[in-house]
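Taking it in order: structure first as structure tokens, then the write-up.
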Amino acid sequence: MRGLIPAFVACLLSLSALLLPSGAFAQERRVVVTEGADYFGADYDLRKDVELGGCQAACVADSQCLAFTYNLEARWCFLKNGVGELRAVGGAVSGRIADAAEVQPNIEEQRVSELGLLPQGYLDEARRFVGRLADAAGGEDGLESAITAAQQRSDPSAAADLYRAALRLAPERFDLWTSYTNSILRVVSDDWQVQQRLAEDRTSGAINAYLRAASPEDRAWALELLGLALAARSDFKPAIRAYRDSLALIEDSYRRKAYEALLAEHGFRIVDHVVEADAAAPRICLNFSDRLAEGSGDLADFVSVDGGANLAVEASGQQVCIDGVEHGRRYHVTAREGLPSVDGETLARSADLDIFVRDRAPSVRFLGNAYVLPEGGQPTIPVVTVNTQRIEAELFRIGDRQLARTLADGAFLRDLGEWETDEIEAKSGVKVWEGTVDVSSEINREITTAIPVGELQAKLEPGAYVLTADAVNNTDEYAPKATQWFVVTDLGLTTLSGNDGLHVMVRSLGTAGPVGDVALRLVAVNNEVLGEART
């Protein structure tokens, strides 16, 4: 539904609302330095003729100091008891005390390496998001004021904007990233452009939170938010992996319930099954949501059939197929948990299926493309039938000057539907016979019957014909009919093309001897006569 997070994602959100990041932060006063900038206002002390390092150390040592600005030319150090608006000032270096989690050296690089589940594009979005924080409105009254205002807002959109303003002042704080992500996840819109922006902001917020997570508890919380953001973006595979990694760090009953709900609907699973009952050798195929792992061991350990010890089980792509089943029988198939997919996921739960292999549907087909019948005699055309005792057939003769059009239309040698045979009868040929042919039948067996074409019409004139057939008990009235194209003639043509033109040799199909005084006509695809000659 446009503008709404899917219902199951909303359910996950309601579950996660009960969770709070529970890691204890190892507190220390750290300095976040910004060059070419000044935290406006809140000065309470001025120290002159000091080095930058001494200015920074003085702020860290004084519990009243929350920020400082250092003038490189004058060597003056301005200590501040508040964090004001960060303004661009040449020749200045500013620092801010960050009372947040102790961050290990190179922790962001380590966290990026742990997010192998994500496409690179998501990480790029997260970096661009940080780069745009300078454009966030608000924060003029200081960091703590922005945080307090955000916490007091019941509107998630307004709260997200305020947390974003706070992040402009303190982009290293894990708690601000999680609070922002938690708020933006609850924002909905009917505008598709806003929906796109929300999707990117949710994943960017969760990724940036994880890049700043120090403890296992923080990492688990950030990964849960990432799973929620990815699920809201309908990117379910990495969402499931994010939840799985979160649970591997910290087991939590609410998080586990949300993960299992997501896994059941969008994880590696059986999506459906098909029974290839119309084949002479039927088989049952289970279709999975993802490709199966190659070389995953004996499939019989994962897929079994009650009483089917002699049945062959084979995997290919996203299918597991069972060969050797019989028509008219019911089978109980079990796919056991643990069956692996190519990306490392496994079937979370065993699945039991009761599957019936029906009898073959009534069908008719012709054998081969040997479509030249000699003139005279009693020619026959073989037809193969399944589960029918009678076929309905029609025989059409194509006009000589309509052969080029039939070839151009692509109908020649192709199975024809009802409307196409009507088109032939109306525009390019004539129906010379219509009726039924009785055939033998054995349940599910293919029976070959020779249709005596020579008996269908008192005399088959030389020319091109098309014979269509269908089982009288076939219920699919829109399917193409079995179609046999053939030519009745006693003449066989051999053509050779060379620099001196086209050579045509005519022989009798009955005697194999050359035939003279035969009129020849060369016709183009557009039905234009290109030339005439006699042998």
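Residues are referred to by chain and number: the chain letter is A, B, ... according to the order shown in the structure tokens, the number counts from 1 in that chain, and ligands are numbered separately from 1 in the order shown.
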Write out as a compact mmCIF listing (two decimals) with C-alpha atoms, in the first residue's frame which residues come within 8 Å of Lys237 (chain A) when counting only C-alpha atoms, dropping same-chain ones fewer than 3 positions away.
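The resulting file, part-v8.txt, is reproduced below:
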# COMPACT_ATOMS: atom_id res chain seq x y z
CA ILE A 240 17.14 -11.16 7.71
CA ARG A 241 20.92 -11.33 7.93
CA HIS A 266 10.66 -13.67 3.24
CA GLY A 267 13.44 -16.09 4.18
### Task
Check region 331-377 of chain A with DSSP on the backbone and list each residue it calls strand (DSSP E), as a PyMOL selection string.
chain A and resi 331-335+351-357+363-366+372-374
Write out the residues from the selection above, keeping C-alpha atoms, as a PDB file, in the first residue's frame.
ATOM      1  CA  TYR A 331       3.025 -38.973  -2.106  1.00  0.00           C
ATOM      2  CA  HIS A 332       4.048 -37.490   1.261  1.00  0.00           C
ATOM      3  CA  VAL A 333       7.161 -35.347   0.778  1.00  0.00           C
ATOM      4  CA  THR A 334       9.243 -33.918   3.631  1.00  0.00           C
ATOM      5  CA  ALA A 335      11.797 -31.118   3.218  1.00  0.00           C
ATOM      6  CA  ALA A 351       7.883 -28.706   5.563  1.00  0.00           C
ATOM      7  CA  ASP A 352       5.510 -31.624   4.914  1.00  0.00           C
ATOM      8  CA  LEU A 353       3.539 -31.821   1.681  1.00  0.00           C
ATOM      9  CA  ASP A 354       0.894 -34.304   0.491  1.00  0.00           C
ATOM     10  CA  ILE A 355       1.060 -34.305  -3.311  1.00  0.00           C
ATOM     11  CA  PHE A 356      -1.143 -36.167  -5.784  1.00  0.00           C
ATOM     12  CA  VAL A 357       0.183 -37.059  -9.237  1.00  0.00           C
ATOM     13  CA  SER A 363      -3.400 -34.782 -25.764  1.00  0.00           C
ATOM     14  CA  VAL A 364      -2.624 -35.162 -29.451  1.00  0.00           C
ATOM     15  CA  ARG A 365       0.637 -34.576 -31.299  1.00  0.00           C
ATOM     16  CA  PHE A 366       2.102 -35.394 -34.672  1.00  0.00           C
ATOM     17  CA  VAL A 372       6.019 -34.519 -48.266  1.00  0.00           C
ATOM     18  CA  LEU A 373       3.489 -37.193 -49.303  1.00  0.00           C
ATOM     19  CA  PRO A 374       3.567 -38.827 -52.744  1.00  0.00           C
TER      20      PRO A 374
END
### Message
as a list in words, please: every residue in region 395-506 of chain A that a backbone DSSP assignment puts in alpha helix (DSSP H).
### Response
Leu403, Ala404, Arg405, Thr406, Leu407, Ala408, Asp409, Glu418, Trp419, Glu420, Thr421, Asp422, Glu423, Val453, Gly454, Glu455 and Leu456 of chain A
With C-alpha atoms retained, export the selected residues as a short mmCIF file (atom, residue, chain, number, x, y, z; two decimals), in the first residue's frame.
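And here is the file that came out, selection-v5.cif:
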data_model
loop_
_atom_site.label_atom_id
_atom_site.label_comp_id
_atom_site.auth_asym_id
_atom_site.auth_seq_id
_atom_site.Cartn_x
_atom_site.Cartn_y
_atom_site.Cartn_z
CA LEU A 403 2.12 -20.09 -49.97
CA ALA A 404 4.37 -17.02 -50.02
CA ARG A 405 1.99 -15.18 -47.70
CA THR A 406 1.81 -18.17 -45.34
CA LEU A 407 5.61 -18.26 -45.17
CA ALA A 408 5.81 -14.50 -44.60
CA ASP A 409 3.26 -14.66 -41.77
CA GLU A 418 -8.71 -21.91 -33.83
CA TRP A 419 -8.60 -18.34 -35.11
CA GLU A 420 -5.61 -19.10 -37.36
CA THR A 421 -7.37 -22.00 -39.09
CA ASP A 422 -10.40 -19.74 -39.53
CA GLU A 423 -8.07 -17.18 -41.13
CA VAL A 453 -5.02 -39.15 -45.28
CA GLY A 454 -5.78 -40.68 -48.66
CA GLU A 455 -9.18 -41.81 -47.39
CA LEU A 456 -10.18 -38.40 -46.01
#
### Near-Ile447 (chain A) list (9 Å; only C-alpha atoms; drop same-chain fewer than 4 positions) as an MDAnalysis selection string
chainID A and resid 383:387 439:442
Keeping N, CA and C atoms for every residue in the selection just given, could you write it to a file as a PDB file, in the first residue's frame?
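And here is the file that came out, again_35.pdb:
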ATOM      1  N   VAL A 383      -0.047 -40.128 -35.773  1.00  0.00           N
ATOM      2  CA  VAL A 383      -0.415 -39.208 -34.710  1.00  0.00           C
ATOM      3  C   VAL A 383      -0.301 -39.953 -33.386  1.00  0.00           C
ATOM      4  N   VAL A 384       0.187 -39.246 -32.352  1.00  0.00           N
ATOM      5  CA  VAL A 384       0.357 -39.828 -31.018  1.00  0.00           C
ATOM      6  C   VAL A 384      -0.707 -39.244 -30.106  1.00  0.00           C
ATOM      7  N   THR A 385      -1.449 -40.105 -29.424  1.00  0.00           N
ATOM      8  CA  THR A 385      -2.521 -39.654 -28.529  1.00  0.00           C
ATOM      9  C   THR A 385      -2.309 -40.202 -27.129  1.00  0.00           C
ATOM     10  N   VAL A 386      -2.853 -39.492 -26.164  1.00  0.00           N
ATOM     11  CA  VAL A 386      -2.789 -39.905 -24.761  1.00  0.00           C
ATOM     12  C   VAL A 386      -4.168 -39.704 -24.150  1.00  0.00           C
ATOM     13  N   ASN A 387      -4.693 -40.755 -23.511  1.00  0.00           N
ATOM     14  CA  ASN A 387      -5.935 -40.693 -22.734  1.00  0.00           C
ATOM     15  C   ASN A 387      -7.110 -40.107 -23.513  1.00  0.00           C
ATOM     16  N   VAL A 439      -9.319 -43.729 -32.146  1.00  0.00           N
ATOM     17  CA  VAL A 439      -7.983 -44.226 -31.831  1.00  0.00           C
ATOM     18  C   VAL A 439      -8.073 -45.136 -30.615  1.00  0.00           C
ATOM     19  N   SER A 440      -7.087 -45.990 -30.455  1.00  0.00           N
ATOM     20  CA  SER A 440      -7.009 -46.848 -29.270  1.00  0.00           C
ATOM     21  C   SER A 440      -6.537 -46.017 -28.081  1.00  0.00           C
ATOM     22  N   SER A 441      -6.776 -46.503 -26.870  1.00  0.00           N
ATOM     23  CA  SER A 441      -6.387 -45.756 -25.676  1.00  0.00           C
ATOM     24  C   SER A 441      -6.076 -46.702 -24.533  1.00  0.00           C
ATOM     25  N   GLU A 442      -4.966 -46.470 -23.863  1.00  0.00           N
ATOM     26  CA  GLU A 442      -4.596 -47.126 -22.617  1.00  0.00           C
ATOM     27  C   GLU A 442      -4.206 -46.030 -21.638  1.00  0.00           C
TER      28      GLU A 442
END
Could you give me, as a tab-separated table, a per-residue list for region 145-241 of chain A showing, wherever an atom lies at most 12 Å from an atom of region 65-89 of chain A, the closest pair of atoms and their distance in Å to one decimal, using only C-alpha atoms and sorting by chain then residue number from low to high?
residue	atom	partner	partner_atom	distance
A:Ser145	CA	A:Val83	CA	9.9
A:Ala146	CA	A:Val83	CA	11.0
A:Ala165	CA	A:Glu85	CA	10.6
A:Ala166	CA	A:Glu85	CA	10.8
A:Arg168	CA	A:Leu86	CA	8.9
A:Leu169	CA	A:Leu86	CA	7.5
A:Ala170	CA	A:Val83	CA	9.9
Keeping C-alpha atoms, export the residues of the selection given above as an mmCIF file, in the first residue's frame.
data_model
loop_
_atom_site.group_PDB
_atom_site.id
_atom_site.type_symbol
_atom_site.label_atom_id
_atom_site.label_comp_id
_atom_site.auth_asym_id
_atom_site.auth_seq_id
_atom_site.Cartn_x
_atom_site.Cartn_y
_atom_site.Cartn_z
ATOM 1 C CA SER A 145 18.617 21.840 23.858
ATOM 2 C CA ALA A 146 18.191 20.054 20.517
ATOM 3 C CA ALA A 165 20.017 18.914 14.083
ATOM 4 C CA ALA A 166 21.678 17.392 17.158
ATOM 5 C CA ARG A 168 25.046 18.168 13.138
ATOM 6 C CA LEU A 169 26.662 19.128 16.422
ATOM 7 C CA ALA A 170 27.619 15.625 17.621
#
With a distance cut-off of 9 Å and only C-alpha atoms, select the neighbouring residues of region 270-287 of chain A, excluding the residue or stretch itself and same-chain residues fewer than 5 positions from it, and output the selection as a PDB file with C-alpha atoms, in the first residue's frame.
ATOM      1  CA  GLN A 318      15.959 -23.244  -7.235  1.00  0.00           C
ATOM      2  CA  GLN A 319      14.323 -26.665  -7.615  1.00  0.00           C
ATOM      3  CA  VAL A 320      14.500 -30.042  -5.976  1.00  0.00           C
ATOM      4  CA  CYS A 321      12.832 -32.634  -8.197  1.00  0.00           C
ATOM      5  CA  ILE A 322      11.748 -36.193  -7.411  1.00  0.00           C
ATOM      6  CA  ASP A 323      11.836 -38.566 -10.372  1.00  0.00           C
ATOM      7  CA  GLY A 324      10.243 -41.977 -10.649  1.00  0.00           C
ATOM      8  CA  VAL A 325       6.811 -41.154  -9.269  1.00  0.00           C
ATOM      9  CA  GLU A 326       3.740 -42.748 -10.878  1.00  0.00           C
ATOM     10  CA  HIS A 327       0.501 -41.358 -12.245  1.00  0.00           C
ATOM     11  CA  ALA A 335      11.797 -31.118   3.218  1.00  0.00           C
ATOM     12  CA  LEU A 347      15.593 -23.907   5.600  1.00  0.00           C
ATOM     13  CA  ALA A 351       7.883 -28.706   5.563  1.00  0.00           C
ATOM     14  CA  ILE A 355       1.060 -34.305  -3.311  1.00  0.00           C
ATOM     15  CA  PHE A 356      -1.143 -36.167  -5.784  1.00  0.00           C
ATOM     16  CA  VAL A 357       0.183 -37.059  -9.237  1.00  0.00           C
ATOM     17  CA  ARG A 358      -2.864 -36.963 -11.506  1.00  0.00           C
ATOM     18  CA  ASP A 359      -3.348 -38.855 -14.755  1.00  0.00           C
ATOM     19  CA  ARG A 360      -2.059 -37.287 -17.939  1.00  0.00           C
ATOM     20  CA  ALA A 361      -4.329 -34.763 -19.649  1.00  0.00           C
ATOM     21  CA  PRO A 362      -5.807 -35.824 -23.011  1.00  0.00           C
ATOM     22  CA  SER A 363      -3.400 -34.782 -25.764  1.00  0.00           C
ATOM     23  CA  ASN A 444      -1.483 -42.740 -19.448  1.00  0.00           C
ATOM     24  CA  ARG A 445       0.145 -44.597 -22.375  1.00  0.00           C
ATOM     25  CA  GLU A 446       1.165 -42.950 -25.647  1.00  0.00           C
TER      26      GLU A 446
END
### Task
Please provide as a list in words all residues within 9 Å of Ile391 (chain A), with the sequence filter that same-chain residues fewer than 3 positions apart are discarded (counting only C-alpha atoms).
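The residues that qualify are Val364, Thr385, Thr388, Gly435, Thr436, Val437, Asp438, Val439, Ala469, Asp470, Ala471, Val472 and Asn473 of chain A.
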Quick one: write out the picked residues with N, CA and C atoms as a short mmCIF file (atom, residue, chain, number, x, y, z; two decimals), in the first residue's frame?
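Result saved to out_36.cif:
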data_model
loop_
_atom_site.label_atom_id
_atom_site.label_comp_id
_atom_site.auth_asym_id
_atom_site.auth_seq_id
_atom_site.Cartn_x
_atom_site.Cartn_y
_atom_site.Cartn_z
N VAL A 364 -2.88 -34.68 -28.09
CA VAL A 364 -2.62 -35.16 -29.45
C VAL A 364 -1.38 -34.46 -29.97
N THR A 385 -1.45 -40.11 -29.42
CA THR A 385 -2.52 -39.65 -28.53
C THR A 385 -2.31 -40.20 -27.13
N THR A 388 -7.26 -40.51 -24.76
CA THR A 388 -8.44 -40.15 -25.55
C THR A 388 -8.73 -41.28 -26.53
N GLY A 435 -13.85 -33.97 -39.58
CA GLY A 435 -14.49 -35.15 -39.01
C GLY A 435 -13.75 -35.66 -37.79
N THR A 436 -14.02 -36.90 -37.41
CA THR A 436 -13.38 -37.51 -36.24
C THR A 436 -12.66 -38.79 -36.67
N VAL A 437 -11.66 -39.13 -35.87
CA VAL A 437 -10.89 -40.35 -36.10
C VAL A 437 -10.84 -41.11 -34.78
N ASP A 438 -11.26 -42.37 -34.79
CA ASP A 438 -11.20 -43.20 -33.58
C ASP A 438 -9.78 -43.74 -33.40
N VAL A 439 -9.32 -43.73 -32.15
CA VAL A 439 -7.98 -44.23 -31.83
C VAL A 439 -8.07 -45.14 -30.61
N ALA A 469 -5.54 -31.42 -35.38
CA ALA A 469 -6.23 -32.46 -34.61
C ALA A 469 -6.24 -32.08 -33.14
N ASP A 470 -7.28 -32.51 -32.44
CA ASP A 470 -7.42 -32.26 -31.02
C ASP A 470 -8.25 -33.37 -30.41
N ALA A 471 -7.96 -33.70 -29.13
CA ALA A 471 -8.74 -34.73 -28.44
C ALA A 471 -10.14 -34.21 -28.16
N VAL A 472 -11.15 -35.06 -28.35
CA VAL A 472 -12.53 -34.61 -28.14
C VAL A 472 -12.78 -34.30 -26.67
N ASN A 473 -12.01 -34.90 -25.76
CA ASN A 473 -12.19 -34.64 -24.33
C ASN A 473 -11.19 -33.65 -23.77
#
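Closest approach to Ala450 (chain A) from the set A:Pro379, A:Gly498, A:Gly510, A:Gly121 is made by A:Pro379, with distances taken over only C-alpha atoms.
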Neighbours of Tyr465 (chain A) within 9 Å (only C-alpha atoms; same-chain residues fewer than 4 positions away dropped), as a PDB file with C-alpha atoms, in the first residue's frame?
ATOM      1  CA  LEU A 395      -7.853 -30.696 -43.337  1.00  0.00           C
ATOM      2  CA  PHE A 396      -7.143 -27.509 -45.306  1.00  0.00           C
ATOM      3  CA  ARG A 397      -5.556 -27.000 -48.722  1.00  0.00           C
ATOM      4  CA  ILE A 398      -3.451 -23.833 -49.152  1.00  0.00           C
ATOM      5  CA  GLY A 429      -7.149 -21.828 -48.450  1.00  0.00           C
ATOM      6  CA  GLN A 484       0.854 -31.295 -39.416  1.00  0.00           C
ATOM      7  CA  TRP A 485       1.895 -29.419 -42.546  1.00  0.00           C
ATOM      8  CA  PHE A 486       2.463 -31.541 -45.635  1.00  0.00           C
ATOM      9  CA  VAL A 487       2.752 -31.338 -49.407  1.00  0.00           C
ATOM     10  CA  VAL A 488       1.139 -33.789 -51.837  1.00  0.00           C
TER      11      VAL A 488
END
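When only C-alpha atoms are used to measure the gap to Thr489 (chain A), the shortest distance among A:Glu375, A:Glu434, A:Glu345, A:Asp191 belongs to A:Glu375.
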